[in-house]
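Novice: Pasting entry-v1.txt below, which is compact mmCIF, C-alpha atoms and all ligand atoms.
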```txt
# COMPACT_ATOMS: atom_id res chain seq x y z
CA MET A 1 19.16 0.32 15.52
CA LYS A 2 16.62 -1.70 17.42
CA THR A 3 13.48 -2.82 15.59
CA TYR A 4 10.17 -3.66 17.24
CA TYR A 5 7.87 -6.04 15.43
CA SER A 6 5.00 -8.35 16.33
CA ARG A 7 3.80 -11.35 14.32
CA LYS A 8 0.30 -10.61 15.62
CA GLN A 9 0.26 -7.73 13.15
CA LEU A 10 -0.13 -10.28 10.33
CA GLU A 11 -3.54 -11.31 11.68
CA HIS A 12 -5.27 -8.39 9.99
CA ASN A 13 -5.99 -9.67 6.49
CA ALA A 14 -8.78 -7.91 4.62
CA ALA A 15 -10.58 -9.89 1.91
CA GLY A 16 -10.01 -6.98 -0.47
CA GLU A 17 -10.79 -3.33 -1.13
CA PHE A 18 -12.55 -1.23 -3.72
CA ASN A 19 -10.32 0.44 -6.29
CA ARG A 20 -11.65 2.19 -9.39
CA GLY A 21 -14.98 0.42 -9.04
CA ALA A 22 -13.56 -3.07 -8.66
CA PHE A 23 -13.13 -5.21 -5.55
CA VAL A 24 -9.42 -6.05 -5.68
CA GLN A 25 -6.76 -7.58 -3.45
CA ALA A 26 -6.06 -5.22 -0.54
CA PHE A 27 -3.01 -3.00 -1.12
CA GLU A 28 -2.40 -3.00 2.63
CA ARG A 29 -1.74 -6.70 3.21
CA PRO A 30 0.35 -8.84 5.60
CA ASP A 31 3.15 -9.29 3.04
CA ARG A 32 4.01 -5.61 3.51
CA ALA A 33 5.23 -6.23 7.03
CA LEU A 34 7.13 -9.34 5.91
CA SER A 35 8.87 -7.35 3.15
CA VAL A 36 10.10 -4.78 5.66
CA LEU A 37 11.03 -7.45 8.21
CA ALA A 38 13.10 -9.36 5.61
CA ALA A 39 14.97 -6.17 4.67
CA VAL A 40 15.71 -5.35 8.32
CA GLU A 41 17.04 -8.89 8.82
CA ALA A 42 19.16 -8.74 5.67
CA ALA A 43 20.67 -5.42 6.78
CA HIS A 44 21.85 -6.96 10.11
CA PHE A 45 20.66 -3.87 11.84
CA GLY A 46 20.52 -5.11 15.37
CA ALA A 47 17.96 -6.75 17.61
CA ILE A 48 14.43 -7.37 16.37
CA GLU A 49 12.16 -7.65 19.38
CA ALA A 50 8.50 -8.28 20.06
CA PRO A 51 6.95 -5.58 22.25
CA THR A 52 5.63 -6.24 25.73
CA GLU A 53 1.86 -5.97 25.98
CA PHE A 54 0.72 -2.56 27.13
CA SER A 55 -2.63 -1.82 28.77
CA LEU A 56 -5.20 0.23 26.86
CA ASP A 57 -4.29 3.34 28.89
CA PRO A 58 -1.73 4.86 26.47
CA ILE A 59 -4.15 4.25 23.59
CA LEU A 60 -6.96 5.96 25.51
CA ARG A 61 -4.75 9.05 25.93
CA ILE A 62 -5.34 9.57 22.18
CA HIS A 63 -8.49 7.69 21.21
CA ASP A 64 -12.10 7.92 22.38
CA ALA A 65 -13.06 5.03 24.66
CA ALA A 66 -16.31 4.19 22.83
CA PHE A 67 -14.41 4.20 19.53
CA VAL A 68 -11.82 1.75 20.90
CA LYS A 69 -14.61 -0.48 22.25
CA PHE A 70 -16.24 -0.37 18.82
CA LEU A 71 -13.00 -1.51 17.12
CA GLN A 72 -12.73 -4.37 19.61
CA THR A 73 -16.25 -5.69 19.11
CA ALA A 74 -17.31 -4.72 15.57
CA TYR A 75 -16.26 -7.94 13.85
CA ALA A 76 -18.01 -10.18 16.41
CA GLU A 77 -21.14 -8.04 16.10
CA TRP A 78 -20.98 -8.30 12.31
CA LYS A 79 -20.71 -12.09 12.47
CA ALA A 80 -23.49 -12.31 15.06
CA MET A 81 -25.72 -10.75 12.39
CA ASP A 82 -24.74 -13.55 9.96
CA ARG A 83 -23.01 -11.16 7.62
CA PRO A 84 -20.56 -12.66 5.14
CA GLY A 85 -17.04 -11.28 4.67
CA ASP A 86 -15.51 -8.37 6.55
CA ALA A 87 -17.32 -5.56 8.33
CA LEU A 88 -17.59 -2.59 5.95
CA PRO A 89 -19.49 0.70 6.27
CA MET A 90 -22.22 1.54 3.79
CA MET A 91 -23.15 5.08 4.71
CA TRP A 92 -21.48 8.17 6.14
CA ASN A 93 -22.56 11.43 7.65
CA ALA A 94 -21.69 13.55 4.62
CA ARG A 95 -22.25 17.01 6.15
CA VAL A 96 -26.06 16.93 5.77
CA PHE A 97 -27.13 15.14 8.94
CA ARG A 98 -27.05 15.65 12.71
CA GLU A 99 -23.68 15.13 14.32
CA ASP A 100 -24.74 14.76 17.94
CA LYS A 101 -26.20 11.25 17.72
CA ILE A 102 -24.17 8.08 17.73
CA PRO A 103 -26.31 5.36 16.12
CA GLU A 104 -26.96 2.14 18.02
CA SER A 105 -27.00 -0.27 15.11
CA LEU A 106 -23.71 -1.67 13.87
CA ASP A 107 -24.23 -0.31 10.35
CA GLY A 108 -24.80 3.12 11.82
CA ARG A 109 -21.69 2.91 13.98
CA LEU A 110 -19.54 1.59 11.10
CA GLY A 111 -20.45 4.75 9.23
CA TYR A 112 -20.14 7.01 12.28
CA TYR A 113 -16.64 5.82 13.21
CA SER A 114 -15.09 5.65 9.70
CA PHE A 115 -14.42 7.96 6.79
CA ASP A 116 -13.93 5.52 3.90
CA ILE A 117 -14.59 1.97 2.71
CA SER A 118 -10.91 1.01 2.33
CA SER A 119 -10.45 -0.26 5.85
CA ALA A 120 -12.17 -3.57 6.44
CA ILE A 121 -12.64 -4.90 9.95
CA ALA A 122 -11.85 -8.62 9.67
CA ALA A 123 -11.39 -11.49 12.13
CA GLY A 124 -7.86 -10.57 13.21
CA THR A 125 -8.10 -6.81 12.85
CA TRP A 126 -8.28 -5.81 16.50
CA ASP A 127 -5.43 -8.13 17.58
CA ALA A 128 -3.19 -6.76 14.82
CA VAL A 129 -4.16 -3.14 15.47
CA LYS A 130 -3.47 -3.52 19.21
CA ALA A 131 -0.13 -5.22 18.45
CA ALA A 132 0.84 -2.34 16.13
CA ALA A 133 0.12 0.17 18.91
CA ASP A 134 2.28 -1.94 21.27
CA VAL A 135 5.07 -1.96 18.66
CA ALA A 136 4.91 1.85 18.53
CA LEU A 137 4.83 2.12 22.32
CA ALA A 138 7.86 -0.16 22.79
CA GLY A 139 9.87 2.20 20.56
CA ALA A 140 8.51 5.21 22.47
CA VAL A 141 9.69 3.68 25.76
CA ASP A 142 13.22 3.36 24.37
CA ILE A 143 13.59 6.88 23.05
CA SER A 144 11.76 8.67 25.87
CA SER A 145 13.81 6.88 28.54
CA GLY A 146 17.05 7.73 26.78
CA ARG A 147 17.87 4.02 26.48
CA GLU A 148 18.12 4.41 22.70
CA LYS A 149 18.81 7.41 20.48
CA VAL A 150 16.82 5.87 17.65
CA ALA A 151 14.42 2.97 17.17
CA PHE A 152 12.24 1.52 14.42
CA SER A 153 8.66 0.49 15.14
CA LEU A 154 7.69 -1.79 12.28
CA CYS A 155 3.97 -1.12 12.59
CA ARG A 156 1.25 -2.66 10.50
CA PRO A 157 -1.55 -1.79 9.92
CA PRO A 158 -0.45 1.84 9.57
CA GLY A 159 -1.91 4.64 11.68
CA HIS A 160 -1.61 8.23 10.44
CA HIS A 161 -5.11 8.47 8.88
CA ALA A 162 -6.79 7.39 12.14
CA ALA A 163 -8.25 10.32 14.09
CA SER A 164 -9.31 10.34 17.74
CA ASP A 165 -12.62 8.59 16.98
CA CYS A 166 -12.49 7.74 13.29
CA TYR A 167 -10.72 5.06 11.22
CA GLY A 168 -9.95 4.92 7.49
CA GLY A 169 -7.15 4.82 4.94
CA TYR A 170 -6.07 1.35 6.21
CA CYS A 171 -5.57 2.92 9.67
CA TYR A 172 -7.45 2.13 12.90
CA LEU A 173 -5.33 3.40 15.80
CA ASN A 174 -2.83 6.19 15.27
CA ASN A 175 0.43 4.48 16.21
CA ALA A 176 2.60 7.61 15.78
CA ALA A 177 0.23 9.77 17.85
CA ILE A 178 0.09 7.14 20.61
CA ALA A 179 3.92 7.05 20.65
CA ALA A 180 4.13 10.87 20.70
CA GLN A 181 1.72 11.09 23.62
CA TYR A 182 3.68 8.41 25.47
CA CYS A 183 6.82 10.54 25.07
CA ARG A 184 4.92 13.59 26.36
CA ASP A 185 3.76 11.60 29.38
CA HIS A 186 7.29 10.36 30.07
CA GLY A 187 9.51 13.41 30.17
CA ALA A 188 9.41 15.03 26.73
CA ASN A 189 8.06 18.60 26.89
CA ARG A 190 7.79 18.99 23.15
CA VAL A 191 7.43 16.27 20.50
CA ALA A 192 7.61 16.80 16.75
CA ILE A 193 5.96 14.45 14.26
CA LEU A 194 7.39 14.52 10.75
CA ASP A 195 5.11 12.70 8.31
CA VAL A 196 6.79 11.67 5.04
CA ASP A 197 4.10 9.27 3.80
CA PHE A 198 2.73 10.11 0.35
CA HIS A 199 -0.71 10.78 1.87
CA HIS A 200 -1.57 13.56 4.27
CA GLY A 201 -1.66 12.36 7.89
CA ASN A 202 -5.13 13.72 8.49
CA GLY A 203 -5.61 11.71 11.67
CA THR A 204 -2.42 12.93 13.30
CA GLN A 205 -3.26 16.50 12.30
CA GLN A 206 -6.74 16.27 13.82
CA ILE A 207 -5.45 14.76 17.06
CA PHE A 208 -2.90 17.52 17.73
CA TYR A 209 -4.51 20.45 15.89
CA SER A 210 -5.29 22.47 19.04
CA ARG A 211 -2.06 21.64 20.86
CA SER A 212 1.31 23.39 20.99
CA ASP A 213 3.15 20.54 22.75
CA VAL A 214 3.14 18.30 19.67
CA LEU A 215 4.17 19.82 16.35
CA PHE A 216 2.96 18.20 13.15
CA ALA A 217 4.73 18.66 9.81
CA SER A 218 3.63 16.68 6.74
CA LEU A 219 4.85 16.35 3.14
CA HIS A 220 2.23 14.81 0.88
CA GLY A 221 0.31 14.74 -2.38
CA ASP A 222 -1.85 17.85 -2.80
CA PRO A 223 -5.36 17.08 -1.49
CA LYS A 224 -6.77 18.89 -4.54
CA THR A 225 -5.99 15.69 -6.46
CA GLU A 226 -4.82 13.11 -3.91
CA TYR A 227 -6.33 11.02 -1.14
CA PRO A 228 -7.56 11.89 1.53
CA TYR A 229 -8.86 14.91 -0.44
CA PHE A 230 -10.49 16.75 2.45
CA LEU A 231 -7.49 17.82 4.53
CA GLY A 232 -3.81 18.63 4.05
CA TYR A 233 -3.84 22.15 2.57
CA ALA A 234 -1.04 24.59 3.33
CA ASP A 235 -3.37 27.03 5.10
CA GLU A 236 -4.14 24.53 7.90
CA LYS A 237 -1.93 26.03 10.60
CA GLY A 238 -3.51 24.77 13.82
CA LYS A 239 -6.07 26.46 16.04
CA GLY A 240 -6.17 28.07 19.48
CA GLU A 241 -3.14 26.98 21.50
CA GLY A 242 -2.10 24.92 18.49
CA GLU A 243 -1.93 27.81 16.04
CA GLY A 244 1.43 27.81 14.30
CA PHE A 245 2.19 24.17 15.23
CA ASN A 246 0.74 22.46 12.16
CA HIS A 247 2.64 22.62 8.88
CA ASN A 248 1.48 21.09 5.61
CA TYR A 249 3.58 20.82 2.46
CA PRO A 250 1.22 19.70 -0.33
CA LEU A 251 3.11 18.74 -3.49
CA PRO A 252 1.86 18.12 -7.03
CA ARG A 253 1.64 14.79 -8.83
CA GLY A 254 4.95 13.76 -10.32
CA THR A 255 7.02 15.42 -7.58
CA ASP A 256 10.63 14.17 -7.84
CA TRP A 257 13.41 14.00 -5.25
CA ASP A 258 14.69 17.55 -5.79
CA ALA A 259 11.31 19.16 -5.20
CA TRP A 260 10.46 16.74 -2.40
CA ASN A 261 13.80 17.38 -0.72
CA ALA A 262 13.27 21.15 -0.89
CA ALA A 263 10.04 20.67 1.06
CA LEU A 264 11.86 18.40 3.51
CA THR A 265 14.44 21.14 4.09
CA ALA A 266 11.63 23.61 4.84
CA ALA A 267 9.89 21.16 7.19
CA SER A 268 13.22 20.36 8.89
CA LYS A 269 13.77 24.05 9.66
CA VAL A 270 10.36 24.19 11.32
CA VAL A 271 11.14 21.08 13.37
CA ASP A 272 14.58 22.39 14.32
CA THR A 273 13.21 25.77 15.43
CA TYR A 274 10.62 24.01 17.60
CA LYS A 275 13.45 22.31 19.58
CA PRO A 276 11.59 19.08 20.25
CA ASP A 277 12.79 16.65 22.92
CA ALA A 278 11.80 13.75 20.66
CA LEU A 279 11.05 13.26 16.98
CA ILE A 280 8.55 10.75 15.62
CA VAL A 281 8.79 10.03 11.90
CA SER A 282 5.65 8.71 10.23
CA LEU A 283 7.62 6.67 7.72
CA GLY A 284 5.59 5.91 4.62
CA VAL A 285 7.53 5.02 1.49
CA ASP A 286 4.58 5.24 -0.90
CA THR A 287 6.44 8.25 -2.39
CA TYR A 288 8.31 5.60 -4.44
CA LYS A 289 8.09 5.94 -8.23
CA ASN A 290 6.53 2.49 -8.67
CA ASP A 291 4.02 2.70 -5.85
CA PRO A 292 0.71 1.35 -7.22
CA ILE A 293 -1.57 3.97 -5.60
CA SER A 294 0.61 7.09 -5.45
CA SER A 295 2.18 9.57 -7.86
CA PHE A 296 5.56 10.84 -6.62
CA LYS A 297 8.84 9.88 -8.29
CA LEU A 298 11.30 9.07 -5.52
CA ASP A 299 13.78 6.28 -6.24
CA THR A 300 15.44 3.73 -3.99
CA GLN A 301 18.66 5.70 -3.41
CA HIS A 302 16.72 8.79 -2.32
CA TYR A 303 15.51 7.05 0.82
CA ALA A 304 19.04 6.96 2.23
CA LEU A 305 19.32 10.72 1.63
CA MET A 306 16.01 11.15 3.44
CA GLY A 307 17.38 9.23 6.45
CA GLN A 308 20.55 11.34 6.42
CA ALA A 309 18.56 14.58 6.44
CA ILE A 310 16.43 13.36 9.35
CA ALA A 311 19.55 12.34 11.31
CA LYS A 312 20.89 15.90 10.94
CA LEU A 313 18.07 17.10 13.20
CA GLY A 314 20.00 15.35 15.97
CA LYS A 315 16.98 14.33 18.05
CA PRO A 316 16.02 11.09 19.77
CA THR A 317 14.07 9.61 16.86
CA LEU A 318 11.40 6.96 16.52
CA PHE A 319 10.57 5.74 13.02
CA VAL A 320 7.00 4.44 12.83
CA MET A 321 6.10 2.49 9.68
CA GLU A 322 3.14 3.88 7.73
CA GLY A 323 2.35 3.27 4.01
CA GLY A 324 4.17 1.87 0.97
CA TYR A 325 2.53 -0.58 -1.43
CA ALA A 326 5.19 -1.58 -3.98
CA ILE A 327 5.73 -4.67 -1.88
CA GLY A 328 8.78 -5.95 -3.80
CA GLU A 329 10.81 -2.81 -3.02
CA LEU A 330 9.01 -1.71 0.14
CA GLY A 331 11.48 -3.26 2.57
CA THR A 332 14.55 -1.98 0.72
CA ASN A 333 13.16 1.55 0.55
CA ALA A 334 12.15 1.66 4.23
CA VAL A 335 15.46 0.19 5.40
CA ASN A 336 17.37 2.63 3.19
CA VAL A 337 15.93 5.46 5.29
CA LEU A 338 17.17 3.73 8.45
CA LYS A 339 20.59 3.08 6.89
CA GLY A 340 20.88 6.70 5.81
CA PHE A 341 20.08 7.75 9.37
CA GLU A 342 22.62 5.32 10.89
CA ASN A 343 25.40 6.27 8.49
CA ALA A 344 24.93 10.03 8.80
C1 LIG B 401 -1.39 4.64 5.24
C2 LIG B 401 -1.72 4.89 3.79
O1 LIG B 401 -0.82 5.03 2.97
N1 LIG B 401 -3.02 4.86 3.42
C3 LIG B 401 -3.41 5.11 2.10
C4 LIG B 401 -4.84 4.89 1.85
C5 LIG B 401 -5.23 5.09 0.43
N2 LIG B 401 -6.48 4.52 0.14
C6 LIG B 401 -7.15 4.74 -1.08
C7 LIG B 401 -6.25 5.15 -2.18
C8 LIG B 401 -7.03 5.33 -3.45
C9 LIG B 401 -6.05 5.60 -4.55
N3 LIG B 401 -6.65 5.46 -5.80
C10 LIG B 401 -5.73 5.66 -6.87
C11 LIG B 401 -5.66 4.43 -7.71
C12 LIG B 401 -4.53 4.51 -8.66
N4 LIG B 401 -4.32 3.23 -9.28
ZN ZN B 402 0.20 6.65 2.36
```
Can I see the file as structure tokens?
Specialist:
Amino acid sequence: MKTYYSRKQLEHNAAGEFNRGAFVQAFERPDRALSVLAAVEAAHFGAIEAPTEFSLDPILRIHDAAFVKFLQTAYAEWKAMDRPGDALPMMWNARVFREDKIPESLDGRLGYYSFDISSAIAAGTWDAVKAAADVALAGAVDISSGREKVAFSLCRPPGHHAASDCYGGYCYLNNAAIAAQYCRDHGANRVAILDVDFHHGNGTQQIFYSRSDVLFASLHGDPKTEYPYFLGYADEKGKGEGEGFNHNYPLPRGTDWDAWNAALTAASKVVDTYKPDALIVSLGVDTYKNDPISSFKLDTQHYALMGQAIAKLGKPTLFVMEGGYAIGELGTNAVNVLKGFENA
């Protein structure tokens, strides 16, 4: 299986994040990508290639142009104001204000374009975020052209929390959504996105919620108790044209492989019935029992079973890396999914 990876993705390096009231080392840090890269190398999986540079066009098929411009310039604007550290929002539109005005000031726009404080904009953020989108697109080129049956886009930072004009949850551009749209624009009539990250892929859901040409199915911690709290319930089915093409499988804290796998079987049936021309897997492995910010109980060997089950769908498949924060085991767990797929 071919892997796409860019060293530029290491350039995003947040000074830290808030967790339980303390400013701590960022969970989403460059070492994550290196852990996965080392495991891919050790598995002798095949070529590891840097992507070619794409224009902004495939990104703008998914994301709002002013939002993308904001991501490109926010750090320079922050520094021009002599602010120390990384650009962070301090206020959000929490349902009680007007929604039709985009503020001019940077602090206003930081709040307008984000939904949480976990996603710092630092010196190298844009370059890394753009490189991650290119990594996703390179994989999308391979599977949509038929050149490869499967590919791995080793993206970092992750993408599935990023909505069309809103960042958060360590995500800035939605790599999986950009790849799915690329497939749609290059021959695939229907694309399914299967999101196995511990957290609900709220961004991906928002992007495709009114569309029937991209199906979204997500297994995740129940938003009643788990981040991102405000989306991911089972009754979110899509709207308008998109009704019936969004499928959420919220699962309780402590979910083990058997219960998780039962939900995967249900989601797989939905994907299979949809008859997609391509499958994008939002591959987060923060479902691991020792993940520092999550609460499922999957173990290392279960990831190979996950890969096997995904291979059974028999579709051209692009794996797009999302979350996973137990950095010591992150690479092994992610690569186990790929091995399970290859060996199926
Ligand atoms: C892509 C992805 O996995 N993003 C996850 C973003 C989660 N951000 C905040 C998580 C807060 C969890 N707090 C629980 C602390 C338990 N020690
Ligand atoms: Zn996650």
Novice: Residues within 7 Å of ligand LIG 401 (chain B), counting only C-alpha atoms and all ligand atoms: report them as a list in words.
Specialist: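 Counting only C-alpha atoms and all ligand atoms, the residues within 7 Å of ligand LIG 401 (chain B) come out as Asn19, Arg20, Ser118, Pro158, Gly159, His160, His161, Gly169, Tyr170, Cys171, Asp197, Phe198, His199, Tyr227, Gly284, Asp286, Pro292, Ile293, Ser294, Glu322, Gly323 and Gly324 of chain A.
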Novice: Next, dump the selected residues to file, keeping only C-alpha atoms, as a short mmCIF file (atom, residue, chain, number, x, y, z; two decimals), in the frame of the given file.
Specialist:
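What landed in again_28.cif:
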```cif
data_model
loop_
_atom_site.label_atom_id
_atom_site.label_comp_id
_atom_site.auth_asym_id
_atom_site.auth_seq_id
_atom_site.Cartn_x
_atom_site.Cartn_y
_atom_site.Cartn_z
CA ASN A 19 -10.32 0.44 -6.29
CA ARG A 20 -11.65 2.19 -9.39
CA SER A 118 -10.91 1.01 2.33
CA PRO A 158 -0.45 1.84 9.57
CA GLY A 159 -1.91 4.64 11.68
CA HIS A 160 -1.61 8.23 10.44
CA HIS A 161 -5.11 8.47 8.88
CA GLY A 169 -7.15 4.82 4.94
CA TYR A 170 -6.07 1.35 6.21
CA CYS A 171 -5.57 2.92 9.67
CA ASP A 197 4.10 9.27 3.80
CA PHE A 198 2.73 10.11 0.35
CA HIS A 199 -0.71 10.78 1.87
CA TYR A 227 -6.33 11.02 -1.14
CA GLY A 284 5.59 5.91 4.62
CA ASP A 286 4.58 5.24 -0.90
CA PRO A 292 0.71 1.35 -7.22
CA ILE A 293 -1.57 3.97 -5.60
CA SER A 294 0.61 7.09 -5.45
CA GLU A 322 3.14 3.88 7.73
CA GLY A 323 2.35 3.27 4.01
CA GLY A 324 4.17 1.87 0.97
#
```
Novice: Using all atoms listed in the file, can you tell me which of A:Ala33, A:Ala278, A:Ala311, A:Ala262 comes closest to Ala180 in chain A?
Specialist: A:Ala278
Novice: Quick check, in Å to one decimal: how far apart do CA of Gln308 in chain A and CA of Val141 in chain A lie?
Specialist: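 These two atoms are separated by 23.5 Å.
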Novice: Please identify all polymer residues within 8 Å of Ala14 in chain A, counting only C-alpha atoms, omitting same-chain residues fewer than 2 positions from it, and present them as a list in words.
Specialist: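 Once the nearby chain positions are removed, what remains is His12, Gly16, Glu17, Ala26, Arg29, Asp86, Ser119, Ala120, Ile121 and Ala122 of chain A.
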Novice: Limited to C-alpha atoms, could you put the picked residues into a file as a compact mmCIF listing (two decimals), in the coordinates of the input?
Specialist:
```
# COMPACT_ATOMS: atom_id res chain seq x y z
CA HIS A 12 -5.27 -8.39 9.99
CA GLY A 16 -10.01 -6.98 -0.47
CA GLU A 17 -10.79 -3.33 -1.13
CA ALA A 26 -6.06 -5.22 -0.54
CA ARG A 29 -1.74 -6.70 3.21
CA ASP A 86 -15.51 -8.37 6.55
CA SER A 119 -10.45 -0.26 5.85
CA ALA A 120 -12.17 -3.57 6.44
CA ILE A 121 -12.64 -4.90 9.95
CA ALA A 122 -11.85 -8.62 9.67
```
Novice: Using only C-alpha atoms and all ligand atoms for the distances, tell me which of A:Lys101, A:His220, A:Lys237, A:Arg190 is nearest to ligand ZN 402 (chain B).
Specialist: A:His220
Novice: Work out how far CA of Gly221 in chain A is from CA of Leu251 in chain A, in Å to one decimal.
Specialist: 5.0 Å
Novice: Write out as a list in words the residues lying within 9 Å of Leu231 in chain A, counting all atoms listed in the file and excluding same-chain residues fewer than 5 positions away.
Specialist: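 The residues satisfying every condition are His200, Gly201, Asn202, Gln205, Pro223 and Glu236 of chain A.
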Novice: Which neighbours of Ala76 in chain A fall inside 10 Å, counting all atoms listed in the file, when residues of the same chain fewer than 4 positions from it are skipped, and could you give them as a list of chain:residue names?
Specialist: A:Gln72, A:Ala80, A:Met81, A:Asp82, A:Ala87, A:Ile121, A:Ala122, A:Ala123
Novice: From the set A:Phe27, A:Tyr5, A:Trp92, A:Tyr172, which residue has the shortest atom-to-atom contact distance to ligand ZN 402 (chain B), counting only C-alpha atoms and all ligand atoms?
Specialist: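 The shortest atom-to-atom distance to ligand ZN 402 (chain B) comes from A:Phe27.
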Novice: Please identify all polymer residues within 10 Å of His302 in chain A, counting all atoms listed in the file, omitting same-chain residues fewer than 5 positions from it, and present them as a PyMOL selection string.
Specialist: chain A and resi 256-258+261+288+297+307-308+333+336-337+340
Novice: Between CA of Pro250 in chain A and CA of Lys224 in chain A, what is the distance in Å, rounded to a tenth?
Specialist: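 CA of Pro250 in chain A sits 9.1 Å away from CA of Lys224 in chain A.
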Novice: Nearest to ligand ZN 402 (chain B): which of A:Glu243, A:Asp299, A:Glu226, A:Asp127 is it, counting all atoms listed in the file?
Specialist: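 Under the stated criterion, the closest residue is A:Glu226.
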